[in-house]
$ cat start_26.txt   # compact mmCIF, C-alpha atoms and all ligand atoms
# COMPACT_ATOMS: atom_id res chain seq x y z
CA MET A 1 96.27 100.07 121.70
CA PRO A 2 98.05 99.15 118.47
CA PHE A 3 96.09 98.46 115.28
CA THR A 4 92.85 98.60 117.27
CA ALA A 5 89.71 100.71 117.07
CA ASN A 6 90.36 102.07 120.56
CA ARG A 7 87.00 103.75 121.20
CA GLN A 8 85.12 100.64 120.09
CA PHE A 9 87.39 98.39 122.15
CA LYS A 10 86.85 100.39 125.35
CA LYS A 11 83.12 99.74 125.13
CA SER A 12 83.58 95.96 125.15
CA PRO A 13 87.16 95.06 125.98
CA ARG A 14 88.45 91.56 125.37
CA MET A 15 91.03 90.69 127.99
CA PHE A 16 93.30 87.68 128.45
CA VAL A 17 94.57 87.12 131.97
CA ALA A 18 96.46 83.83 131.63
CA ALA A 19 97.73 81.35 129.07
CA LYS A 20 98.99 77.78 129.09
CA ASP A 21 99.99 75.58 126.16
CA MET A 22 97.18 75.88 123.54
CA HIS A 23 94.79 78.04 125.55
CA TYR A 24 94.22 81.54 126.81
CA THR A 25 92.04 82.30 129.81
CA THR A 26 89.81 85.36 129.51
CA SER A 27 89.01 87.82 132.29
CA ASP A 28 85.57 86.22 132.59
CA GLY A 29 87.18 82.83 133.13
CA ARG A 30 86.67 81.22 129.73
CA GLN A 31 89.21 79.06 127.87
CA VAL A 32 90.05 80.24 124.35
CA LEU A 33 91.86 77.92 121.94
CA ASP A 34 94.76 79.80 120.38
CA GLY A 35 94.40 79.48 116.62
CA THR A 36 97.01 82.13 115.87
CA ALA A 37 99.96 81.45 118.20
CA GLY A 38 99.30 84.86 119.75
CA LEU A 39 100.34 87.04 116.82
CA TRP A 40 102.11 84.29 114.85
CA CYS A 41 104.80 84.06 117.50
CA VAL A 42 104.02 81.57 120.29
CA ASN A 43 105.17 78.62 118.19
CA ALA A 44 105.87 76.28 121.13
CA GLY A 45 102.63 77.11 122.94
CA HIS A 46 102.21 79.22 126.05
CA ALA A 47 104.15 79.36 129.31
CA ARG A 48 106.60 76.60 128.43
CA PRO A 49 108.53 75.71 131.62
CA LEU A 50 112.03 75.64 130.11
CA ILE A 51 111.62 79.17 128.79
CA VAL A 52 109.94 80.54 131.92
CA GLU A 53 112.69 79.11 134.12
CA ALA A 54 115.50 80.36 131.87
CA ILE A 55 114.13 83.89 132.05
CA ALA A 56 113.88 83.88 135.85
CA LYS A 57 117.38 82.46 136.21
CA GLN A 58 118.95 84.90 133.77
CA ALA A 59 117.20 87.91 135.30
CA ALA A 60 118.70 87.01 138.69
CA GLU A 61 122.17 86.24 137.29
CA LEU A 62 122.84 89.01 134.73
CA ASP A 63 119.89 91.24 134.03
CA TYR A 64 121.50 93.62 131.59
CA ALA A 65 124.84 94.25 129.97
CA PRO A 66 125.67 97.30 127.86
CA ALA A 67 125.32 96.45 124.21
CA PHE A 68 128.08 98.77 122.92
CA GLN A 69 131.74 97.77 123.32
CA MET A 70 130.71 95.13 125.90
CA GLY A 71 129.31 91.67 125.53
CA HIS A 72 128.01 88.68 127.46
CA PRO A 73 128.28 84.98 126.61
CA LYS A 74 124.60 84.18 126.04
CA ALA A 75 124.28 86.50 123.02
CA PHE A 76 127.25 84.78 121.36
CA GLU A 77 125.89 81.35 122.26
CA LEU A 78 122.54 82.32 120.77
CA ALA A 79 124.14 83.65 117.58
CA ASN A 80 125.92 80.30 117.16
CA ARG A 81 122.77 78.29 117.83
CA LEU A 82 120.87 80.37 115.30
CA VAL A 83 123.52 79.86 112.65
CA ASP A 84 123.36 76.09 113.37
CA ILE A 85 119.68 75.95 112.44
CA ALA A 86 119.73 78.63 109.72
CA PRO A 87 119.99 77.82 106.02
CA ARG A 88 123.59 77.25 104.98
CA GLY A 89 125.14 80.47 103.77
CA LEU A 90 123.76 82.70 106.52
CA ASP A 91 126.36 82.73 109.24
CA HIS A 92 126.47 86.07 111.05
CA VAL A 93 123.83 87.62 113.28
CA LEU A 94 122.72 91.07 114.44
CA PHE A 95 120.21 91.22 117.28
CA THR A 96 117.22 93.56 117.51
CA ASN A 97 114.05 93.81 119.61
CA SER A 98 111.28 93.27 117.08
CA GLY A 99 110.41 92.42 113.52
CA SER A 100 110.21 96.10 112.61
CA GLU A 101 113.70 96.71 113.93
CA SER A 102 115.00 93.64 112.15
CA VAL A 103 113.62 95.00 108.88
CA GLU A 104 115.24 98.42 109.37
CA THR A 105 118.50 96.70 110.28
CA ALA A 106 118.39 94.52 107.17
CA LEU A 107 117.68 97.48 104.87
CA LYS A 108 120.53 99.46 106.42
CA VAL A 109 122.89 96.50 106.08
CA ALA A 110 121.96 96.24 102.40
CA LEU A 111 122.57 99.92 101.68
CA ALA A 112 125.80 100.04 103.68
CA TYR A 113 127.10 96.82 102.10
CA HIS A 114 127.10 98.32 98.64
CA ARG A 115 128.80 101.44 99.97
CA VAL A 116 131.61 99.60 101.72
CA LYS A 117 132.14 97.76 98.45
CA GLY A 118 132.47 101.09 96.65
CA ASP A 119 129.09 100.68 94.95
CA GLY A 120 127.18 103.46 96.72
CA SER A 121 125.04 104.27 93.70
CA ARG A 122 122.92 101.26 94.64
CA PHE A 123 120.39 103.07 96.82
CA ARG A 124 117.04 101.73 95.64
CA LEU A 125 115.01 99.25 97.66
CA ILE A 126 112.36 97.07 96.06
CA GLY A 127 109.46 95.73 98.10
CA ARG A 128 106.17 94.20 97.05
CA GLU A 129 102.51 95.16 97.06
CA ARG A 130 100.74 93.64 100.06
CA GLY A 131 104.08 93.14 101.78
CA TYR A 132 104.20 93.79 105.53
CA HIS A 133 107.56 94.67 107.00
CA GLY A 134 106.62 96.30 110.28
CA VAL A 135 105.76 99.87 111.04
CA ASN A 136 108.99 101.85 110.98
CA PHE A 137 109.81 104.14 108.09
CA GLY A 138 111.88 101.71 106.05
CA GLY A 139 109.38 98.96 106.61
CA ILE A 140 106.31 100.96 105.61
CA SER A 141 108.19 102.30 102.58
CA VAL A 142 109.07 98.88 101.16
CA GLY A 143 105.82 97.46 102.51
CA GLY A 144 102.81 97.50 100.27
CA ILE A 145 99.83 98.28 102.49
CA VAL A 146 98.25 101.62 101.77
CA THR A 147 96.67 102.10 105.21
CA ASN A 148 100.09 101.75 106.83
CA ARG A 149 101.61 104.36 104.50
CA LYS A 150 99.11 107.02 103.61
CA MET A 151 99.28 109.12 106.80
CA PHE A 152 103.04 109.37 106.99
CA GLY A 153 104.31 111.65 104.29
CA THR A 154 106.91 110.91 101.67
CA LEU A 155 108.50 107.88 103.36
CA LEU A 156 111.81 106.65 101.94
CA THR A 157 112.54 107.78 98.43
CA GLY A 158 113.95 105.46 95.79
CA VAL A 159 111.56 102.62 96.57
CA ASP A 160 109.66 100.56 94.02
CA HIS A 161 107.35 97.57 94.38
CA LEU A 162 106.80 94.22 92.73
CA PRO A 163 103.17 93.25 92.13
CA HIS A 164 101.59 91.00 94.76
CA THR A 165 100.97 87.37 93.83
CA HIS A 166 97.36 86.92 94.94
CA ASN A 167 95.17 85.66 92.09
CA LEU A 168 91.71 84.54 93.16
CA ALA A 169 90.51 84.01 89.61
CA LYS A 170 93.18 81.45 88.82
CA ASN A 171 94.41 80.01 92.12
CA ALA A 172 91.38 79.81 94.45
CA PHE A 173 91.25 76.75 96.74
CA THR A 174 94.84 75.72 96.03
CA LYS A 175 96.56 73.53 98.60
CA GLY A 176 100.18 74.64 98.96
CA GLU A 177 101.92 76.61 96.22
CA PRO A 178 99.64 77.91 93.46
CA GLU A 179 100.24 76.95 89.82
CA HIS A 180 99.71 80.36 88.29
CA GLY A 181 101.79 83.49 88.64
CA LEU A 182 105.44 82.59 88.16
CA ASP A 183 105.65 85.32 85.52
CA LEU A 184 104.99 87.91 88.26
CA ALA A 185 108.60 87.41 89.34
CA ASP A 186 109.69 88.63 85.91
CA GLU A 187 108.30 92.03 86.86
CA LEU A 188 111.60 92.40 88.68
CA GLU A 189 113.36 92.44 85.30
CA ARG A 190 111.03 95.25 84.24
CA ILE A 191 111.88 97.22 87.39
CA VAL A 192 115.59 96.61 86.82
CA THR A 193 115.27 97.86 83.25
CA LEU A 194 113.37 100.91 84.44
CA HIS A 195 115.90 101.99 87.08
CA ASP A 196 119.07 100.19 85.98
CA ALA A 197 120.60 97.46 88.13
CA SER A 198 123.43 99.80 89.16
CA THR A 199 120.93 101.80 91.27
CA ILE A 200 119.26 98.89 93.08
CA ALA A 201 120.52 97.72 96.47
CA ALA A 202 118.05 95.04 97.52
CA VAL A 203 114.73 93.30 97.06
CA ILE A 204 112.75 92.44 100.20
CA VAL A 205 109.84 90.01 100.30
CA GLU A 206 108.07 87.82 102.80
CA PRO A 207 108.42 84.30 101.38
CA VAL A 208 104.75 83.85 102.32
CA ALA A 209 103.02 87.18 102.90
CA GLY A 210 101.34 86.73 106.28
CA SER A 211 99.69 89.89 107.55
CA THR A 212 97.88 90.65 104.30
CA GLY A 213 96.19 87.28 104.28
CA VAL A 214 98.58 84.34 103.79
CA LEU A 215 99.58 84.85 100.16
CA ILE A 216 101.58 81.83 99.08
CA PRO A 217 104.14 82.32 96.30
CA PRO A 218 103.41 80.64 92.97
CA LYS A 219 105.56 77.60 92.14
CA GLY A 220 109.10 78.64 91.24
CA TYR A 221 108.52 82.31 92.08
CA LEU A 222 111.12 82.73 94.84
CA GLN A 223 113.77 80.87 92.84
CA ARG A 224 113.08 83.20 89.93
CA LEU A 225 113.57 86.23 92.21
CA ARG A 226 116.81 84.67 93.43
CA ASP A 227 118.06 84.15 89.86
CA ILE A 228 117.24 87.70 88.79
CA THR A 229 118.74 89.34 91.89
CA LYS A 230 121.91 87.28 91.58
CA LYS A 231 122.25 88.11 87.89
CA HIS A 232 122.14 91.85 88.65
CA GLY A 233 124.19 91.97 91.87
CA ILE A 234 121.09 92.87 93.93
CA LEU A 235 120.75 91.53 97.47
CA LEU A 236 117.73 89.39 98.28
CA ILE A 237 116.19 89.82 101.72
CA PHE A 238 113.65 87.35 103.09
CA ASP A 239 111.46 88.71 105.86
CA GLU A 240 110.90 85.51 107.82
CA VAL A 241 109.32 87.13 110.86
CA ILE A 242 106.27 84.89 110.42
CA THR A 243 107.67 82.01 108.35
CA GLY A 244 110.71 81.47 110.56
CA PHE A 245 110.96 78.86 113.31
CA GLY A 246 108.91 76.02 111.93
CA ARG A 247 105.76 77.69 110.61
CA LEU A 248 106.00 75.94 107.23
CA GLY A 249 107.22 72.61 108.63
CA THR A 250 110.86 73.50 108.00
CA PRO A 251 113.07 75.65 110.22
CA PHE A 252 112.74 78.57 107.76
CA ALA A 253 110.84 79.25 104.56
CA ALA A 254 114.22 79.41 102.81
CA ASP A 255 114.50 75.67 103.58
CA TYR A 256 110.97 74.94 102.40
CA PHE A 257 111.48 76.64 99.03
CA GLY A 258 115.16 75.71 98.68
CA VAL A 259 116.07 79.34 98.09
CA THR A 260 118.65 81.10 100.25
CA PRO A 261 118.53 84.89 100.55
CA ASP A 262 121.54 87.10 101.31
CA ILE A 263 119.85 88.49 104.42
CA MET A 264 117.17 86.89 106.59
CA VAL A 265 114.96 88.88 108.94
CA THR A 266 113.50 87.13 112.00
CA ALA A 267 111.70 87.92 115.28
CA LYS A 268 108.47 86.50 116.81
CA GLY A 269 109.17 82.75 117.16
CA LEU A 270 112.78 83.45 118.12
CA THR A 271 111.70 83.85 121.75
CA ASN A 272 108.30 82.18 121.42
CA GLY A 273 106.83 85.66 121.83
CA ILE A 274 107.75 85.81 125.52
CA ILE A 275 110.31 88.60 125.31
CA PRO A 276 110.70 91.03 122.42
CA MET A 277 113.66 90.04 120.29
CA GLY A 278 114.62 89.84 116.64
CA ALA A 279 117.66 88.67 114.71
CA VAL A 280 119.02 89.44 111.26
CA LEU A 281 121.23 86.84 109.63
CA VAL A 282 123.62 87.73 106.83
CA SER A 283 125.86 85.89 104.40
CA PRO A 284 129.63 85.62 104.83
CA GLU A 285 130.09 87.88 101.78
CA ILE A 286 128.18 90.64 103.53
CA HIS A 287 129.97 90.10 106.82
CA ASP A 288 133.39 90.07 105.19
CA ALA A 289 132.71 93.21 103.17
CA PHE A 290 132.33 95.16 106.43
CA MET A 291 135.51 93.72 107.93
CA GLY A 292 137.93 95.23 105.45
CA GLY A 293 138.75 98.59 107.12
CA PRO A 294 141.23 99.45 109.89
CA GLU A 295 140.67 97.40 113.05
CA HIS A 296 139.68 100.27 115.36
CA VAL A 297 136.88 101.35 113.01
CA ILE A 298 133.28 100.48 113.97
CA GLU A 299 132.31 98.36 110.99
CA PHE A 300 128.56 98.96 111.03
CA PHE A 301 127.33 102.03 112.88
CA HIS A 302 124.00 100.71 114.13
CA GLY A 303 122.50 98.99 117.15
CA TYR A 304 120.05 99.20 120.03
CA THR A 305 120.35 99.57 123.81
CA TYR A 306 118.76 96.14 124.08
CA SER A 307 120.57 94.37 121.21
CA GLY A 308 121.22 90.84 122.47
CA ASN A 309 119.72 91.62 125.89
CA PRO A 310 120.77 88.84 128.31
CA VAL A 311 117.24 87.90 129.40
CA ALA A 312 115.97 87.93 125.82
CA SER A 313 118.97 85.82 124.78
CA ALA A 314 118.24 83.33 127.56
CA ALA A 315 114.59 83.18 126.48
CA ALA A 316 115.63 82.57 122.87
CA LEU A 317 118.12 79.85 123.82
CA ALA A 318 115.47 78.07 125.89
CA THR A 319 112.99 78.49 123.04
CA LEU A 320 115.38 76.92 120.54
CA GLU A 321 116.02 74.11 123.03
CA THR A 322 112.27 73.52 123.38
CA TYR A 323 111.89 73.45 119.59
CA LYS A 324 114.74 70.92 119.41
CA GLN A 325 113.53 68.64 122.20
CA GLU A 326 110.07 68.43 120.68
CA ASP A 327 111.09 68.53 116.99
CA LEU A 328 108.82 71.53 116.59
CA LEU A 329 110.74 73.07 113.69
CA THR A 330 109.66 70.15 111.51
CA ARG A 331 106.45 69.06 113.23
CA GLY A 332 104.41 71.28 110.93
CA ALA A 333 105.40 69.06 107.99
CA GLU A 334 103.76 66.02 109.62
CA LEU A 335 100.61 67.90 110.53
CA ALA A 336 100.31 69.95 107.34
CA PRO A 337 98.27 67.43 105.29
CA TYR A 338 95.81 66.96 108.17
CA PHE A 339 95.58 70.72 108.70
CA ALA A 340 95.10 71.24 104.95
CA ASP A 341 92.26 68.70 104.72
CA ALA A 342 90.52 70.12 107.77
CA LEU A 343 90.83 73.68 106.51
CA HIS A 344 89.66 72.85 102.99
CA SER A 345 86.62 71.06 104.43
CA LEU A 346 85.26 74.59 104.90
CA LYS A 347 84.87 74.95 101.15
CA GLY A 348 81.18 75.45 100.42
CA GLU A 349 80.43 77.04 103.80
CA PRO A 350 78.69 80.43 103.69
CA HIS A 351 80.72 83.38 102.32
CA VAL A 352 83.88 81.33 101.61
CA ILE A 353 85.51 82.34 98.31
CA ASP A 354 89.00 80.93 98.84
CA ILE A 355 90.97 78.67 101.16
CA ARG A 356 94.75 78.39 101.04
CA ASN A 357 97.40 76.80 103.23
CA ILE A 358 101.06 75.95 103.56
CA GLY A 359 102.68 74.20 106.52
CA LEU A 360 100.74 75.22 109.62
CA VAL A 361 99.43 78.48 108.28
CA GLY A 362 96.21 78.95 106.36
CA ALA A 363 93.60 81.45 105.30
CA ILE A 364 89.90 81.55 104.58
CA GLU A 365 88.85 84.43 102.36
CA LEU A 366 85.28 85.66 102.63
CA ASP A 367 83.10 87.42 100.14
CA PRO A 368 83.27 91.20 100.75
CA ILE A 369 80.00 92.90 101.65
CA ALA A 370 79.43 95.11 98.59
CA GLY A 371 79.58 98.84 99.32
CA SER A 372 80.09 98.39 103.06
CA PRO A 373 83.16 98.96 105.23
CA THR A 374 81.91 96.20 107.56
CA LYS A 375 84.01 93.08 107.26
CA ARG A 376 82.47 89.66 107.70
CA ALA A 377 85.85 88.36 108.85
CA PHE A 378 85.80 90.75 111.81
CA SER A 379 82.31 89.58 112.75
CA ALA A 380 83.70 86.04 112.54
CA PHE A 381 86.60 87.03 114.82
CA LEU A 382 84.20 88.42 117.45
CA ALA A 383 81.90 85.40 117.25
CA ALA A 384 84.84 83.00 117.42
CA TYR A 385 86.21 84.75 120.50
CA GLU A 386 82.81 84.46 122.19
CA SER A 387 82.68 80.76 121.40
CA GLY A 388 86.24 80.06 122.58
CA PHE A 389 88.55 80.40 119.57
CA LEU A 390 91.20 82.96 118.76
CA ILE A 391 91.47 83.62 115.03
CA ARG A 392 93.03 86.55 113.21
CA THR A 393 91.47 88.69 110.57
CA THR A 394 92.82 91.05 107.99
CA GLY A 395 90.25 92.68 105.73
CA ASP A 396 88.01 89.91 104.44
CA ILE A 397 90.47 87.17 105.32
CA ILE A 398 90.64 84.89 108.35
CA ALA A 399 94.18 83.71 109.04
CA LEU A 400 95.13 80.68 111.12
CA SER A 401 98.61 79.90 112.45
CA PRO A 402 98.23 77.74 115.55
CA PRO A 403 101.08 76.89 117.90
CA LEU A 404 103.11 74.02 116.43
CA ILE A 405 102.15 71.82 119.40
CA ILE A 406 98.50 71.66 118.30
CA SER A 407 96.94 68.17 118.26
CA LYS A 408 94.79 66.76 115.46
CA GLY A 409 91.81 66.88 117.83
CA GLN A 410 92.43 70.57 118.45
CA ILE A 411 92.70 71.21 114.69
CA ASP A 412 89.25 69.62 114.31
CA GLU A 413 87.92 71.67 117.21
CA LEU A 414 89.24 74.89 115.68
CA ILE A 415 87.92 74.19 112.19
CA ASP A 416 84.52 73.02 113.47
CA GLY A 417 84.34 76.15 115.61
CA ILE A 418 84.98 78.30 112.54
CA ARG A 419 82.39 76.30 110.55
CA THR A 420 79.76 77.11 113.18
CA VAL A 421 80.80 80.76 113.21
CA LEU A 422 80.58 81.03 109.40
CA ARG A 423 77.10 79.56 109.44
CA GLY A 424 76.07 82.08 112.11
CA ILE A 425 77.25 85.36 110.57
CA ALA A 426 75.26 87.44 108.14
N1 LIG A 501 107.66 91.53 109.18
C1 LIG A 501 106.66 90.64 109.10
C2 LIG A 501 106.61 89.69 107.96
C3 LIG A 501 105.69 90.59 110.10
O1 LIG A 501 104.68 89.72 110.01
C4 LIG A 501 105.78 91.48 111.19
C5 LIG A 501 104.76 91.46 112.31
N2 LIG A 501 103.55 90.91 112.06
C6 LIG A 501 106.83 92.39 111.22
C7 LIG A 501 107.76 92.39 110.20
C8 LIG A 501 106.94 93.39 112.31
O2 LIG A 501 107.24 92.79 113.52
P1 LIG A 501 106.99 93.58 114.89
O3 LIG A 501 105.53 93.73 115.05
O4 LIG A 501 107.65 92.68 115.90
O5 LIG A 501 107.71 94.88 114.78
$ encode --input "start_26.txt" --output "structure tokens"
Amino acid sequence: MPFTANRQFKKSPRMFVAAKDMHYTTSDGRQVLDGTAGLWCVNAGHARPLIVEAIAKQAAELDYAPAFQMGHPKAFELANRLVDIAPRGLDHVLFTNSGSESVETALKVALAYHRVKGDGSRFRLIGRERGYHGVNFGGISVGGIVTNRKMFGTLLTGVDHLPHTHNLAKNAFTKGEPEHGLDLADELERIVTLHDASTIAAVIVEPVAGSTGVLIPPKGYLQRLRDITKKHGILLIFDEVITGFGRLGTPFAADYFGVTPDIMVTAKGLTNGIIPMGAVLVSPEIHDAFMGGPEHVIEFFHGYTYSGNPVASAAALATLETYKQEDLLTRGAELAPYFADALHSLKGEPHVIDIRNIGLVGAIELDPIAGSPTKRAFSAFLAAYESGFLIRTTGDIIALSPPLIISKGQIDELIDGIRTVLRGIA
């Protein structure tokens, strides 16, 4: 099992056998309130009829079409629908099957773009400490999580990292964007000076770092990155695998922060988690740069057997339709203040050293147990599961990202459940 202590899990497995709307059903028949939208992906809630029906219909009608030199209408329809809801300035799409593949695709687009423009000396990729960009080699190279990197050799060369933006001393218990840390974006100027702009292809960041504990960018930080990258001809890539599709109360984080990248990486909420799929959106400048050669030439030599798979495309189209019918891409904005107040009511509970939130995502950071590998947050996860709540933990941090259909009553239920758990753990 992925990212799981397998031997420990086998001794006391936790199994889900069904799911509907906001709840999972466990193998011992209990209801568990989904506080994490599965793994930050089931944004419309579970087993939504429109999506379920679309999948069954598409599987019967056209199950698969070759992805190379052949097409099918649903993938094109989906690309157009995505561009309709994407930030202006991102208007072409490449399909993948996961966030990790979207990241690799985006990095390859960035490198190849400079080459087709005759600027092949731009080979460096800049990521960020505590960034998570999936588990493939490009992603773990630009990512900034040591446990994901240390067993796998030299990784990609020519990679550097910005510092992370987490600052407990100055920003603890901030609601929304923290005040302190804008100057951390200026570290990009230092990196540019160190390597020279002419060697740097792209900078990749998660607008809000999710997997390493919901690290919200300081005020003005992403705009500063945009200004510096633009000034030096460096592409800016936003990894919106978590922040995309309404998580912050806007369709994408780019909308929330008013900063448009050159390339946007998505997955998860694209199909509501039902079928693996990702999409990478690029600017017209990038698209056009690839279109300059002779017509018979394959412009970008890359793709997957399942790129734009018909059933995945149908699931994504039905997902986007569900989001539209229920205004889910903006619902988070209405609920965010309520969610923020509920979450911050946990201040003062045992072990809590920070609480942070943006849109419908939040984190509760717990005091580490000195000198011990045991994490209180994991004990909280186990206790929460036993008492009927699914939360996510990463190190000493509890992360919450409920489906966007959550009610205020269910927010209270979730937060009160966590309050009880915190009071019960050592
Ligand atoms: N990027 C980000 C920001 C993610 O959060 C994730 C998954 N948590 C990924 C990439 C990788 O996605 P996947 O697990 O679908 O490969």
$ closest_residue --input "start_26.txt" --among "A:Asp262, A:Glu177, A:Asp412, A:Glu240" --to "Ala209 (chain A)" --atoms "only C-alpha atoms"
A:Glu240
$ residues_near_ligand --input "start_26.txt" --ligand "ligand LIG 501 (chain A)" --cutoff "10 Å" --atoms "only C-alpha atoms and all ligand atoms" --output "NGL selection string"
:A and (2 or 39-41 or 96-104 or 131-136 or 139-140 or 143 or 205-212 or 238-244 or 265-268 or 273 or 276-278)
$ residues_around --input "start_26.txt" --residues "region 29-32 of chain A" --least-positions-apart "3" --cutoff "8 Å" --atoms "only C-alpha atoms" --output "compact mmCIF listing (two decimals) with C-alpha atoms, in the coordinates of the input"
# COMPACT_ATOMS: atom_id res chain seq x y z
CA HIS A 23 94.79 78.04 125.55
CA TYR A 24 94.22 81.54 126.81
CA THR A 25 92.04 82.30 129.81
CA THR A 26 89.81 85.36 129.51
CA TYR A 385 86.21 84.75 120.50
CA SER A 387 82.68 80.76 121.40
CA GLY A 388 86.24 80.06 122.58
CA PHE A 389 88.55 80.40 119.57
CA LEU A 390 91.20 82.96 118.76
$ closest_residue --input "start_26.txt" --among "A:Gln223, A:Thr319, A:Ser27, A:Asn80" --to "Ala44 (chain A)" --atoms "only C-alpha atoms"
A:Thr319
$ residues_around --input "start_26.txt" --residues "region 106-116 of chain A" --least-positions-apart "5" --cutoff "7 Å" --atoms "all atoms listed in the file" --output "PDB file with C-alpha atoms, in the frame of the given file"
ATOM      1  CA  ARG A 122     122.920 101.260  94.640  1.00  0.00           C
ATOM      2  CA  PHE A 123     120.390 103.070  96.820  1.00  0.00           C
ATOM      3  CA  ALA A 201     120.520  97.720  96.470  1.00  0.00           C
ATOM      4  CA  ALA A 202     118.050  95.040  97.520  1.00  0.00           C
ATOM      5  CA  LEU A 235     120.750  91.530  97.470  1.00  0.00           C
ATOM      6  CA  ILE A 263     119.850  88.490 104.420  1.00  0.00           C
ATOM      7  CA  VAL A 265     114.960  88.880 108.940  1.00  0.00           C
ATOM      8  CA  VAL A 280     119.020  89.440 111.260  1.00  0.00           C
ATOM      9  CA  ILE A 286     128.180  90.640 103.530  1.00  0.00           C
ATOM     10  CA  ALA A 289     132.710  93.210 103.170  1.00  0.00           C
ATOM     11  CA  PHE A 290     132.330  95.160 106.430  1.00  0.00           C
TER      12      PHE A 290
END
$ residues_around --input "start_26.txt" --residues "Pro368 (chain A)" --least-positions-apart "5" --cutoff "9 Å" --atoms "only C-alpha atoms" --output "PDB file with C-alpha atoms, in the frame of the given file"
ATOM      1  CA  HIS A 351      80.720  83.380 102.320  1.00  0.00           C
ATOM      2  CA  PRO A 373      83.160  98.960 105.230  1.00  0.00           C
ATOM      3  CA  THR A 374      81.910  96.200 107.560  1.00  0.00           C
ATOM      4  CA  LYS A 375      84.010  93.080 107.260  1.00  0.00           C
ATOM      5  CA  ARG A 376      82.470  89.660 107.700  1.00  0.00           C
ATOM      6  CA  ALA A 377      85.850  88.360 108.850  1.00  0.00           C
ATOM      7  CA  GLY A 395      90.250  92.680 105.730  1.00  0.00           C
ATOM      8  CA  ASP A 396      88.010  89.910 104.440  1.00  0.00           C
TER       9      ASP A 396
END
$ atom_distance --input "start_26.txt" --atom1 "CA of Phe301 (chain A)" --atom2 "CA of Asp91 (chain A)"
19.7 Å
$ closest_residue --input "start_26.txt" --among "A:Tyr338, A:Tyr304, A:Phe95, A:Phe252" --to "Ala75 (chain A)" --atoms "all atoms listed in the file"
A:Phe95
$ axis_aligned_box --input "start_26.txt" --around "region 279-297 of chain A" --padding-each-side "4 Å" --output "lines of an AutoDock Vina configuration file"
center_x = 129.4
center_y = 93.5
center_z = 108.6
size_x = 31.6
size_y = 23.7
size_z = 21.6
$ atom_distance --input "start_26.txt" --atom1 "CA of Asp288 (chain A)" --atom2 "CA of Gly118 (chain A)"
14.0 Å
$ atom_distance --input "start_26.txt" --atom1 "CA of Ser345 (chain A)" --atom2 "CA of Leu222 (chain A)"
28.8 Å
$ closest_residue --input "start_26.txt" --among "A:Pro402, A:Pro337, A:Gly417, A:Pro310" --to "Phe76 (chain A)" --atoms "only C-alpha atoms"
A:Pro310
$ closest_residue --input "start_26.txt" --among "A:Gly213, A:Arg81, A:Arg124, A:Ile369" --to "Asp196 (chain A)" --atoms "all atoms listed in the file"
A:Arg124
$ closest_residue --input "start_26.txt" --among "A:Ala315, A:Ile405, A:Ile418, A:Ile397" --to "Leu50 (chain A)" --atoms "all atoms listed in the file"
A:Ala315
$ residues_around --input "start_26.txt" --residues "Thr165 (chain A)" --least-positions-apart "5" --cutoff "8 Å" --atoms "all atoms listed in the file" --output "list in words"
Gly181, Leu184, Leu215, Ile216, Pro217 and Pro218 of chain A
$ decode --input "start_26.txt" --residues "region 246-276 of chain A" --atoms "C-alpha atoms" --output "PDB file, in the first residue's frame"
ATOM      1  CA  GLY A 246     -12.855  25.171  -5.903  1.00  0.00           C
ATOM      2  CA  ARG A 247     -10.732  24.302  -2.876  1.00  0.00           C
ATOM      3  CA  LEU A 248     -10.012  27.964  -2.075  1.00  0.00           C
ATOM      4  CA  GLY A 249     -13.491  29.220  -2.975  1.00  0.00           C
ATOM      5  CA  THR A 250     -12.405  30.178  -6.493  1.00  0.00           C
ATOM      6  CA  PRO A 251     -12.092  27.837  -9.465  1.00  0.00           C
ATOM      7  CA  PHE A 252      -8.277  27.866  -9.119  1.00  0.00           C
ATOM      8  CA  ALA A 253      -5.760  29.353  -6.709  1.00  0.00           C
ATOM      9  CA  ALA A 254      -4.552  31.512  -9.602  1.00  0.00           C
ATOM     10  CA  ASP A 255      -7.969  33.231  -9.398  1.00  0.00           C
ATOM     11  CA  TYR A 256      -7.806  33.580  -5.628  1.00  0.00           C
ATOM     12  CA  PHE A 257      -4.396  35.253  -5.673  1.00  0.00           C
ATOM     13  CA  GLY A 258      -4.909  37.088  -8.977  1.00  0.00           C
ATOM     14  CA  VAL A 259      -1.682  35.630 -10.342  1.00  0.00           C
ATOM     15  CA  THR A 260      -1.644  33.669 -13.591  1.00  0.00           C
ATOM     16  CA  PRO A 261       1.151  31.158 -14.196  1.00  0.00           C
ATOM     17  CA  ASP A 262       2.418  30.099 -17.635  1.00  0.00           C
ATOM     18  CA  ILE A 263       1.586  26.460 -16.920  1.00  0.00           C
ATOM     19  CA  MET A 264      -1.010  25.032 -14.547  1.00  0.00           C
ATOM     20  CA  VAL A 265      -0.907  21.466 -13.270  1.00  0.00           C
ATOM     21  CA  THR A 266      -4.172  19.785 -12.235  1.00  0.00           C
ATOM     22  CA  ALA A 267      -5.584  16.340 -11.357  1.00  0.00           C
ATOM     23  CA  LYS A 268      -7.642  15.142  -8.340  1.00  0.00           C
ATOM     24  CA  GLY A 269     -10.804  17.295  -8.447  1.00  0.00           C
ATOM     25  CA  LEU A 270     -10.849  17.154 -12.240  1.00  0.00           C
ATOM     26  CA  THR A 271     -12.786  13.875 -12.058  1.00  0.00           C
ATOM     27  CA  ASN A 272     -13.889  14.176  -8.435  1.00  0.00           C
ATOM     28  CA  GLY A 273     -11.404  11.391  -7.710  1.00  0.00           C
ATOM     29  CA  ILE A 274     -13.573   8.774  -9.417  1.00  0.00           C
ATOM     30  CA  ILE A 275     -11.256   7.981 -12.309  1.00  0.00           C
ATOM     31  CA  PRO A 276      -7.553   8.828 -12.471  1.00  0.00           C
TER      32      PRO A 276
END
